[in-house]
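Peer 1: My structure is below; once you've seen it, I'll send some questions.
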Amino acid sequence: MTEADAATDDVVVPAAPRHWEADVLLRDGRAAHIRPIQPEDRDLLVEFYSRVSDESKYYRFFSPMPELSERDLDRFTRVDHRDRVAMILTVAGQMIAVGRYDMIRPGYAEVAFLVEDKHQGRGIGQLLLEHLAQAGRERGIEEFVAEVLPDNQAMIHTFKDAGYQVRSTYEDGVMELVFRIDPTDTAIGVMEQREHRAEYASIERFFSPRSVAIIGASRRQDTIGRALVRHLVLGNFTGRIHVVNPSADSVSGMPAWKSVGEIPGDVDVAIVAVPAESVQDVVLDCAAKGVHGLVVISSGFAETGEEGRMRQRRLVGLSRSYGLRLIGPNALGIINTDPEVQLNASLSSVMPPRGRAGFFCQSGALGSAILEKVQNRGLGLTTFVSAGNRADVSGNDLLQYWEEDDATEVVLLYLESIGNPRKFSRIARRVSRRKPIVAVRSGRSSQGVPMGHAVRKIGAPAQAVDAMFRQAGIIQVESLEEMFDVAQLLAHQPLPRGRRVAIVGNSDALGLLAADAANSVGLVVNRQEALGADATAEDFEDALDAAIDDPEVDAVVAIFIPPLNVAGAREDVANVLAAVGEQSDKPIVSTFLGTEGVPELLRVPDVAGSSAGRGSVPSYPAVEAAVRALAHVVEYAVWVRVPQATVAEPSVNDLDGARHLVNEVLMRHPEGRDLDFDEQNRLLRAYGIDLWDTYAVASLDEATAAGEALGWDVVLKATADHLRDRPDLAHVWRNIDTPDEMADAWASLNALITDPDRAGFVVQRNAPPGVPVTIATMEDPLFGPVLSFGMGGPLTELLGDRSYRIPPLADHDAQDMVREIKASPLLFGYRGSEIVDVAEIERLVRQVAQLQHDLPQVRALQLPLVLAGAAGATVLGASVRVEPVKDPRSDWFVRRLSTMPGDTMPD
């Protein structure tokens, strides 16, 4: 019986994995939906095929094929999602492309695509290839083969430009392309570049619209819609403004249209301010018009409870299904201060001055206050987005845009939640190399998520999130005030070359405060000029010039308090500061008259039209704030000047064996379980980690037999969790060499420990002395793999003295982890003790990180006791928990937009 003969209505088609379905962005920034094909898609396939040109059909099947037969329809729509996989791409409910692979032999499959002609050139073939390759990897496929006609250059480039090593042969007029689908660095890099271009294009359309429609505009003065019209008009928007109100003929002197569809010409962006229950109708109207994106000001969505969450889920799904991007709902709006655009599509009447910083926040309530603060400080912005519930467009999208925006030199983020930390970390690491990112993260200690933010709560500890920020080079600050303190320094002054500072001022008291503050944040005061209360502007100029010329100084803190009865001193010193700041290649911060921001007197005109140009000297009301801001910038400067680290590649003895072991366990125990000692040993040895031989014993006879098997010089110890972390219990008996000594040890420990039957006794060889350390990993469903390191014992847990990193590790990460814990001197000869083999500890850290990176099924791994000595490190115990994963980190290897929890796609 052939496959087609078997494909009848009686055959049950297995379900495809849910995470194979995703919303995606095409090259032009518009959204689409990708999903596995289903038998119910026969009609969609027929309609799609009828729209495809004869040439495209010929390129696909190598022969004229004007229609699909019933046999073809069965074969193409009935797949097992294992050996035969097919993905379709849809927009507005229509199929616009299909791709598939068919396994020819184990590990080897043929792949092919067909894209509707009018949608060719939008990067659809690359998207289908990414998702099919990821599905193939999950199903054990190692290589793809594609047969292509030589003149089908577009398809040939689709394969060759994907970042895979393609081998090609030519026979009988057909090119055969063969390539492994391993997610190599090159292939992942290509994917990330395409993701970047698509997301940049998506956001760029929001900030540079030629026409904007305000839906819900009203003639009443106190309405949101009327305010939006007023702010667009008063902001001098350079494009066309259209108002939509089915009940009015005009609003604010402009003709009102009954619907978006009636507006003549194109509409790029729609600002929506209608009741929540009417927003879906607006989406359909905008989709029919060809609008690119929506800014939904309307509330009544996820912030209101479960009903609102469902409404928000439907809104996002509908918008994306028609190719639209969405900012909001419950958003304050967006602003672009570019003189060629002048867009204030927000509820704020404040149009901030042109500046160098882009600002993203999620809280509409804080948005207006933030804009007021920006204006008062003279900081200035390039663009501003208040995303509200952040149902679609997120901080990740804005990072992609600001990376390419030449006008934006500093990125400011106020984050209440992180929908996709893995992607955020990846993008931020790249952006931080070019532009500093300053972030405030609310809910930092509680890991809480605001009501309207439909994201999962991060299970990883708060310290792990902090570590992710540090790895990405993000300047994380504690408050909005501190964010603006740092931003005004980054926006107007050069980066320091090091930690050495000079303090120049006319107040001895404030100079001492500045020196104390500098020492407390790791800065080194190399020069201090106390000018005295009667210092003149010339005195300041001489002292500042000397400090800047000093090769032992990297930054200057200037302090000026106006002297009594000295007319004009204020302006004279300001002129000196502004002149020196404009010419200096070293950063200058000041406490000038106790003012905040960039005072008018200290501003340098900017030819680009910003409120304050490069060289303007920022002022802080307190010297402590000035020094703290400088310290943040110093840390960033150090990070950015360190050569970009490559990802460390630890040696793996047997990756295939490790995967086979984990999969074998999960086949027998689909719910997951803890590995036994032999399984732990096999898994760790695959990664070059030798686990000390351990014998679990339940009686004296078993303990004696274990001692004899190990050749004596053994220890007997209890390993139960409730005993292992109790320093007040002596649950280990060492140096056992004979059966009599084992009997004494057994009797003593059984007498000491309450409920010895639960003690978990084991026998091991006596390990050489060393410093106890622990290495652990966990797999967070949202965050991904998390690695931690610390000293062994309960004090580490009590004091929280652990370091964290997010695999994969860069070359220096393991070294930094070992050294940044407070107890690290114990490893380096503290008080004359022996220096341990730190290189071996770092190797173990790298190997454990690689294991967790390679095997997402490892839910948790812990090496609770590693004794580090001068000649190496002994791994005395391990615990490993394996569980099935619903989403094998597929967003690392394919492009997908985030979704709300409860949808078919993971965040």
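Chain labels A, B, ... are given in the sequence in which chains occur in the structure tokens; within each chain residues are numbered consecutively from 1, and ligands are likewise numbered from 1 in the order shown.
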Go through region 196-246 of chain A and flag each residue having an atom no more than 8 Å from region 27-35 of chain A; for those, report the closest pair of atoms plus their distance in Å to one decimal, using only C-alpha atoms, ordered by chain and rising number, as a Markdown table.

Peer 2:
```
| residue | atom | partner | partner_atom | distance |
| --- | --- | --- | --- | --- |
| A:Arg197 | CA | A:Arg27 | CA | 6.9 |
| A:Ala198 | CA | A:Arg27 | CA | 4.7 |
| A:Glu199 | CA | A:Gly29 | CA | 5.9 |
| A:Tyr200 | CA | A:Gly29 | CA | 7.3 |
| A:Ala201 | CA | A:Gly29 | CA | 4.9 |
| A:Ser202 | CA | A:Gly29 | CA | 3.9 |
| A:Ile203 | CA | A:Gly29 | CA | 7.7 |
```

Peer 1: Let me see the file: selected residues, N, CA, C and O atoms, as a PDB file, in the first residue's frame.

Peer 2:
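Done, and the output landed in again_19.pdb:
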```
ATOM      1  N   ARG A 197      16.820  43.165  11.115  1.00  0.00           N
ATOM      2  CA  ARG A 197      16.328  44.000  10.030  1.00  0.00           C
ATOM      3  C   ARG A 197      14.805  44.068  10.028  1.00  0.00           C
ATOM      4  O   ARG A 197      14.222  45.143   9.820  1.00  0.00           O
ATOM      5  N   ALA A 198      14.158  42.933  10.272  1.00  0.00           N
ATOM      6  CA  ALA A 198      12.700  42.907  10.257  1.00  0.00           C
ATOM      7  C   ALA A 198      12.116  43.726  11.405  1.00  0.00           C
ATOM      8  O   ALA A 198      11.150  44.483  11.222  1.00  0.00           O
ATOM      9  N   GLU A 199      12.679  43.580  12.593  1.00  0.00           N
ATOM     10  CA  GLU A 199      12.137  44.301  13.742  1.00  0.00           C
ATOM     11  C   GLU A 199      12.451  45.795  13.657  1.00  0.00           C
ATOM     12  O   GLU A 199      11.639  46.628  14.072  1.00  0.00           O
ATOM     13  N   TYR A 200      13.613  46.138  13.106  1.00  0.00           N
ATOM     14  CA  TYR A 200      13.900  47.558  12.876  1.00  0.00           C
ATOM     15  C   TYR A 200      12.879  48.151  11.911  1.00  0.00           C
ATOM     16  O   TYR A 200      12.317  49.238  12.158  1.00  0.00           O
ATOM     17  N   ALA A 201      12.624  47.455  10.792  1.00  0.00           N
ATOM     18  CA  ALA A 201      11.668  47.964   9.811  1.00  0.00           C
ATOM     19  C   ALA A 201      10.284  48.112  10.423  1.00  0.00           C
ATOM     20  O   ALA A 201       9.556  49.066  10.126  1.00  0.00           O
ATOM     21  N   SER A 202       9.922  47.181  11.284  1.00  0.00           N
ATOM     22  CA  SER A 202       8.611  47.217  11.921  1.00  0.00           C
ATOM     23  C   SER A 202       8.439  48.467  12.775  1.00  0.00           C
ATOM     24  O   SER A 202       7.387  49.122  12.744  1.00  0.00           O
ATOM     25  N   ILE A 203       9.457  48.833  13.555  1.00  0.00           N
ATOM     26  CA  ILE A 203       9.359  49.981  14.454  1.00  0.00           C
ATOM     27  C   ILE A 203       9.598  51.293  13.714  1.00  0.00           C
ATOM     28  O   ILE A 203       8.986  52.323  14.034  1.00  0.00           O
TER      29      ILE A 203
END
```

Peer 1: Using only C-alpha atoms, determine which residues lie at most 12 Å from Val638 (chain A), disregarding the query and same-chain residues fewer than 6 positions distant; provide the list as an mmCIF file with N, CA and C atoms, in the first residue's frame.

Peer 2:
```cif
data_model
loop_
_atom_site.group_PDB
_atom_site.id
_atom_site.type_symbol
_atom_site.label_atom_id
_atom_site.label_comp_id
_atom_site.auth_asym_id
_atom_site.auth_seq_id
_atom_site.Cartn_x
_atom_site.Cartn_y
_atom_site.Cartn_z
ATOM 1 N N ARG A 433 27.527 47.281 23.054
ATOM 2 C CA ARG A 433 28.863 47.498 22.494
ATOM 3 C C ARG A 433 28.946 48.818 21.747
ATOM 4 N N ARG A 470 24.451 42.431 33.864
ATOM 5 C CA ARG A 470 25.888 42.720 33.852
ATOM 6 C C ARG A 470 26.560 42.099 32.638
ATOM 7 N N GLY A 473 26.200 44.164 29.678
ATOM 8 C CA GLY A 473 26.755 45.506 29.722
ATOM 9 C C GLY A 473 25.745 46.577 30.052
ATOM 10 N N ILE A 475 23.727 49.179 32.231
ATOM 11 C CA ILE A 475 23.916 49.953 33.455
ATOM 12 C C ILE A 475 22.600 49.899 34.224
ATOM 13 N N LEU A 495 33.280 59.070 27.442
ATOM 14 C CA LEU A 495 33.477 57.996 28.409
ATOM 15 C C LEU A 495 34.848 58.140 29.077
ATOM 16 N N PRO A 496 34.920 57.844 30.374
ATOM 17 C CA PRO A 496 36.226 57.887 31.051
ATOM 18 C C PRO A 496 37.103 56.717 30.630
ATOM 19 N N ARG A 497 38.406 56.920 30.761
ATOM 20 C CA ARG A 497 39.334 55.841 30.393
ATOM 21 C C ARG A 497 39.632 54.916 31.567
ATOM 22 N N GLY A 498 39.298 55.345 32.776
ATOM 23 C CA GLY A 498 39.586 54.527 33.947
ATOM 24 C C GLY A 498 38.886 55.071 35.174
ATOM 25 N N ARG A 499 39.353 54.637 36.346
ATOM 26 C CA ARG A 499 38.691 54.953 37.611
ATOM 27 C C ARG A 499 39.293 56.140 38.352
ATOM 28 N N ALA A 631 30.527 56.733 38.645
ATOM 29 C CA ALA A 631 30.956 55.352 38.894
ATOM 30 C C ALA A 631 30.230 54.385 37.966
ATOM 31 N N HIS A 632 28.929 54.594 37.758
ATOM 32 C CA HIS A 632 28.189 53.740 36.820
ATOM 33 C C HIS A 632 28.790 53.815 35.420
ATOM 34 N N GLN A 644 35.611 42.101 22.984
ATOM 35 C CA GLN A 644 34.429 41.249 23.004
ATOM 36 C C GLN A 644 34.839 39.799 23.114
#
```

Peer 1: I'd like the interatomic distance between CA of Pro150 (chain A) and CA of Ser69 (chain A), to a tenth of an Å.

Peer 2: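 These two atoms are separated by 26.9 Å.
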
Peer 1: Contacts of region 735-741 of chain A at 7 Å or less, counting only C-alpha atoms, minus same-chain residues fewer than 3 places along, as a ChimeraX atom specification?

Peer 2: /A:704,712-715,744-745,766

Peer 1: Write out the residues from the selection above, keeping C-alpha atoms, as a compact mmCIF listing (two decimals), in the first residue's frame.

Peer 2:
```
# COMPACT_ATOMS: atom_id res chain seq x y z
CA THR A 704 31.81 -2.84 55.65
CA TRP A 712 39.55 1.28 53.03
CA ASP A 713 40.69 4.77 54.08
CA VAL A 714 37.03 5.67 53.63
CA VAL A 715 34.39 7.94 55.14
CA ASP A 744 32.33 2.20 65.67
CA ALA A 745 31.46 4.80 63.04
CA ASN A 766 38.66 9.62 51.97
```

Peer 1: Which residues, written as a list in words, have at least one atom at most 12 Å from Ala747 (chain A), with only C-alpha atoms counted and residues fewer than 2 positions away on the same chain left out?

Peer 2: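 Neighbouring residues, sequence-local ones excluded: Ser699, Leu700, Ala703, Leu716, His731, Trp733, Asp740, Glu741, Met742, Ala743, Asp744, Ala745, Leu749, Asn750, Ala751, Leu752, Ile753 and Pro756 of chain A.
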
Peer 1: Taking into account only C-alpha atoms, which residue in the set A:Leu129, A:Lys57, A:Arg659, A:Pro106 is nearest to Met87 (chain A)?

Peer 2: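 Once distances to Met87 (chain A) are computed over only C-alpha atoms, the minimum belongs to A:Leu129.
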
Peer 1: Can you check which residues of region 637-837 of chain A DSSP gives as strand (DSSP E) on the backbone and send them as a PyMOL selection string?

Peer 2: chain A and resi 673-674+694-696+714-718+732-736+761-765+771-780+784-791+802-805

Peer 1: Check the smallest atom-to-atom distance from each of A:Asp182, A:Asp266, A:Asp74, A:Asp117 to Asp41 (chain A) using only C-alpha atoms, then report the winner.

Peer 2: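 For Asp41 (chain A), the nearest of the given residues is A:Asp74.
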
Peer 1: To test your reading of the structure, identify every residue in region 582-704 of chain A that backbone DSSP assigns to alpha helix (DSSP H), and report it as a PDB file with C-alpha atoms, in the first residue's frame.

Peer 2:
```
ATOM      1  CA  GLU A 582      33.430  71.470  25.328  1.00  0.00           C
ATOM      2  CA  GLN A 583      37.150  70.985  24.719  1.00  0.00           C
ATOM      3  CA  VAL A 623      28.129  65.511  45.086  1.00  0.00           C
ATOM      4  CA  GLU A 624      27.222  61.948  46.071  1.00  0.00           C
ATOM      5  CA  ALA A 625      24.803  61.751  43.127  1.00  0.00           C
ATOM      6  CA  ALA A 626      27.447  63.116  40.763  1.00  0.00           C
ATOM      7  CA  VAL A 627      30.050  60.601  41.915  1.00  0.00           C
ATOM      8  CA  ARG A 628      27.597  57.703  41.834  1.00  0.00           C
ATOM      9  CA  ALA A 629      26.616  58.541  38.240  1.00  0.00           C
ATOM     10  CA  LEU A 630      30.279  58.754  37.294  1.00  0.00           C
ATOM     11  CA  ALA A 631      30.956  55.352  38.894  1.00  0.00           C
ATOM     12  CA  HIS A 632      28.189  53.740  36.820  1.00  0.00           C
ATOM     13  CA  VAL A 633      29.658  55.200  33.652  1.00  0.00           C
ATOM     14  CA  VAL A 634      33.155  54.059  34.635  1.00  0.00           C
ATOM     15  CA  GLU A 635      31.922  50.474  35.044  1.00  0.00           C
ATOM     16  CA  TYR A 636      30.300  50.619  31.617  1.00  0.00           C
ATOM     17  CA  ALA A 637      33.446  52.103  30.064  1.00  0.00           C
ATOM     18  CA  VAL A 638      35.525  49.275  31.529  1.00  0.00           C
ATOM     19  CA  TRP A 639      33.056  46.700  30.171  1.00  0.00           C
ATOM     20  CA  VAL A 640      32.906  48.176  26.695  1.00  0.00           C
ATOM     21  CA  ARG A 641      36.689  48.512  26.395  1.00  0.00           C
ATOM     22  CA  LEU A 655      27.442  14.611  23.620  1.00  0.00           C
ATOM     23  CA  ASP A 656      25.458  11.964  21.739  1.00  0.00           C
ATOM     24  CA  GLY A 657      25.772   9.586  24.680  1.00  0.00           C
ATOM     25  CA  ALA A 658      24.569  12.256  27.109  1.00  0.00           C
ATOM     26  CA  ARG A 659      21.545  13.025  24.942  1.00  0.00           C
ATOM     27  CA  HIS A 660      20.764   9.343  24.558  1.00  0.00           C
ATOM     28  CA  LEU A 661      20.921   8.825  28.325  1.00  0.00           C
ATOM     29  CA  VAL A 662      18.547  11.710  29.056  1.00  0.00           C
ATOM     30  CA  ASN A 663      16.109  10.706  26.325  1.00  0.00           C
ATOM     31  CA  GLU A 664      16.178   7.099  27.484  1.00  0.00           C
ATOM     32  CA  VAL A 665      15.253   8.097  31.026  1.00  0.00           C
ATOM     33  CA  LEU A 666      12.437  10.335  29.821  1.00  0.00           C
ATOM     34  CA  MET A 667      11.036   7.615  27.563  1.00  0.00           C
ATOM     35  CA  ARG A 668      10.649   5.371  30.611  1.00  0.00           C
ATOM     36  CA  PHE A 677      24.289   7.418  40.852  1.00  0.00           C
ATOM     37  CA  ASP A 678      25.250   5.360  37.794  1.00  0.00           C
ATOM     38  CA  GLU A 679      23.243   7.652  35.516  1.00  0.00           C
ATOM     39  CA  GLN A 680      24.745  10.738  37.115  1.00  0.00           C
ATOM     40  CA  ASN A 681      28.197   9.278  36.626  1.00  0.00           C
ATOM     41  CA  ARG A 682      27.595   8.528  32.931  1.00  0.00           C
ATOM     42  CA  LEU A 683      26.156  11.967  32.276  1.00  0.00           C
ATOM     43  CA  LEU A 684      28.940  13.871  34.048  1.00  0.00           C
ATOM     44  CA  ARG A 685      31.710  11.796  32.509  1.00  0.00           C
ATOM     45  CA  LEU A 700      26.664  -2.156  58.782  1.00  0.00           C
ATOM     46  CA  ASP A 701      27.357  -5.200  56.598  1.00  0.00           C
ATOM     47  CA  GLU A 702      26.826  -3.133  53.447  1.00  0.00           C
ATOM     48  CA  ALA A 703      29.033  -0.372  54.814  1.00  0.00           C
ATOM     49  CA  THR A 704      31.810  -2.839  55.650  1.00  0.00           C
TER      50      THR A 704
END
```

Peer 1: Find the distance between CA of Asp392 (chain A) and CA of Ile474 (chain A) and write it in Å to one decimal.

Peer 2: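 Separation of CA of Asp392 (chain A) and CA of Ile474 (chain A): 23.0 Å.
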
Peer 1: Excluding region 107-112 of chain A and its own-chain neighbours fewer than 4 positions away, which residues fall within 8 Å of it when counting only C-alpha atoms? Please give them as a short mmCIF file (atom, residue, chain, number, x, y, z; two decimals) with N, CA, C and O atoms, in the first residue's frame.

Peer 2:
```cif
data_model
loop_
_atom_site.label_atom_id
_atom_site.label_comp_id
_atom_site.auth_asym_id
_atom_site.auth_seq_id
_atom_site.Cartn_x
_atom_site.Cartn_y
_atom_site.Cartn_z
N ARG A 60 8.88 24.45 -8.64
CA ARG A 60 8.66 23.58 -7.48
C ARG A 60 8.63 22.11 -7.87
O ARG A 60 9.22 21.25 -7.20
N GLY A 99 6.13 25.13 3.14
CA GLY A 99 7.42 24.46 3.07
C GLY A 99 7.31 23.11 3.75
O GLY A 99 6.50 22.93 4.66
N ARG A 100 8.13 22.15 3.34
CA ARG A 100 8.02 20.81 3.91
C ARG A 100 9.35 20.09 3.82
O ARG A 100 10.22 20.45 3.03
N TYR A 101 9.48 19.09 4.68
CA TYR A 101 10.56 18.14 4.49
C TYR A 101 10.00 16.73 4.60
O TYR A 101 9.03 16.48 5.31
N ASP A 102 10.61 15.80 3.86
CA ASP A 102 10.24 14.39 3.88
C ASP A 102 11.50 13.58 4.13
O ASP A 102 12.49 13.72 3.38
N MET A 103 11.49 12.77 5.16
CA MET A 103 12.67 11.98 5.50
C MET A 103 12.90 10.92 4.43
O MET A 103 11.98 10.16 4.09
N GLY A 140 15.42 14.51 15.04
CA GLY A 140 16.60 13.69 14.75
C GLY A 140 17.14 13.84 13.34
O GLY A 140 18.02 13.07 12.94
N ILE A 141 16.66 14.79 12.57
CA ILE A 141 17.19 15.03 11.23
C ILE A 141 18.52 15.78 11.34
O ILE A 141 18.64 16.74 12.10
N GLU A 142 19.50 15.35 10.58
CA GLU A 142 20.82 15.97 10.62
C GLU A 142 21.16 16.73 9.34
O GLU A 142 21.91 17.71 9.39
N GLU A 143 20.62 16.26 8.21
CA GLU A 143 20.94 16.90 6.93
C GLU A 143 19.67 17.12 6.12
O GLU A 143 18.75 16.31 6.14
N PHE A 144 19.67 18.23 5.38
CA PHE A 144 18.64 18.52 4.39
C PHE A 144 19.25 18.40 3.01
O PHE A 144 20.43 18.75 2.80
N VAL A 145 18.44 17.96 2.05
CA VAL A 145 18.82 17.99 0.65
C VAL A 145 17.71 18.68 -0.11
O VAL A 145 16.52 18.51 0.20
N ALA A 146 18.07 19.52 -1.07
CA ALA A 146 17.08 20.23 -1.88
C ALA A 146 17.48 20.09 -3.35
O ALA A 146 18.64 20.29 -3.71
N GLU A 147 16.51 19.75 -4.18
CA GLU A 147 16.72 19.70 -5.63
C GLU A 147 16.12 20.96 -6.24
O GLU A 147 14.94 21.26 -6.04
#
```

Peer 1: Compare A:Val732, A:Val283, A:Val385, A:Ile503 by their minimum atom-to-atom distance to Gly261 (chain A), counting only C-alpha atoms, and give me the closest one.

Peer 2: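 Using only C-alpha atoms, the shortest distance to Gly261 (chain A) belongs to A:Val283.
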
Peer 1: Could you check how far CA of Ser417 (chain A) sits from CA of Asn396 (chain A), in Å to one decimal?

Peer 2: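 Separating CA of Ser417 (chain A) from CA of Asn396 (chain A) is a distance of 11.9 Å.
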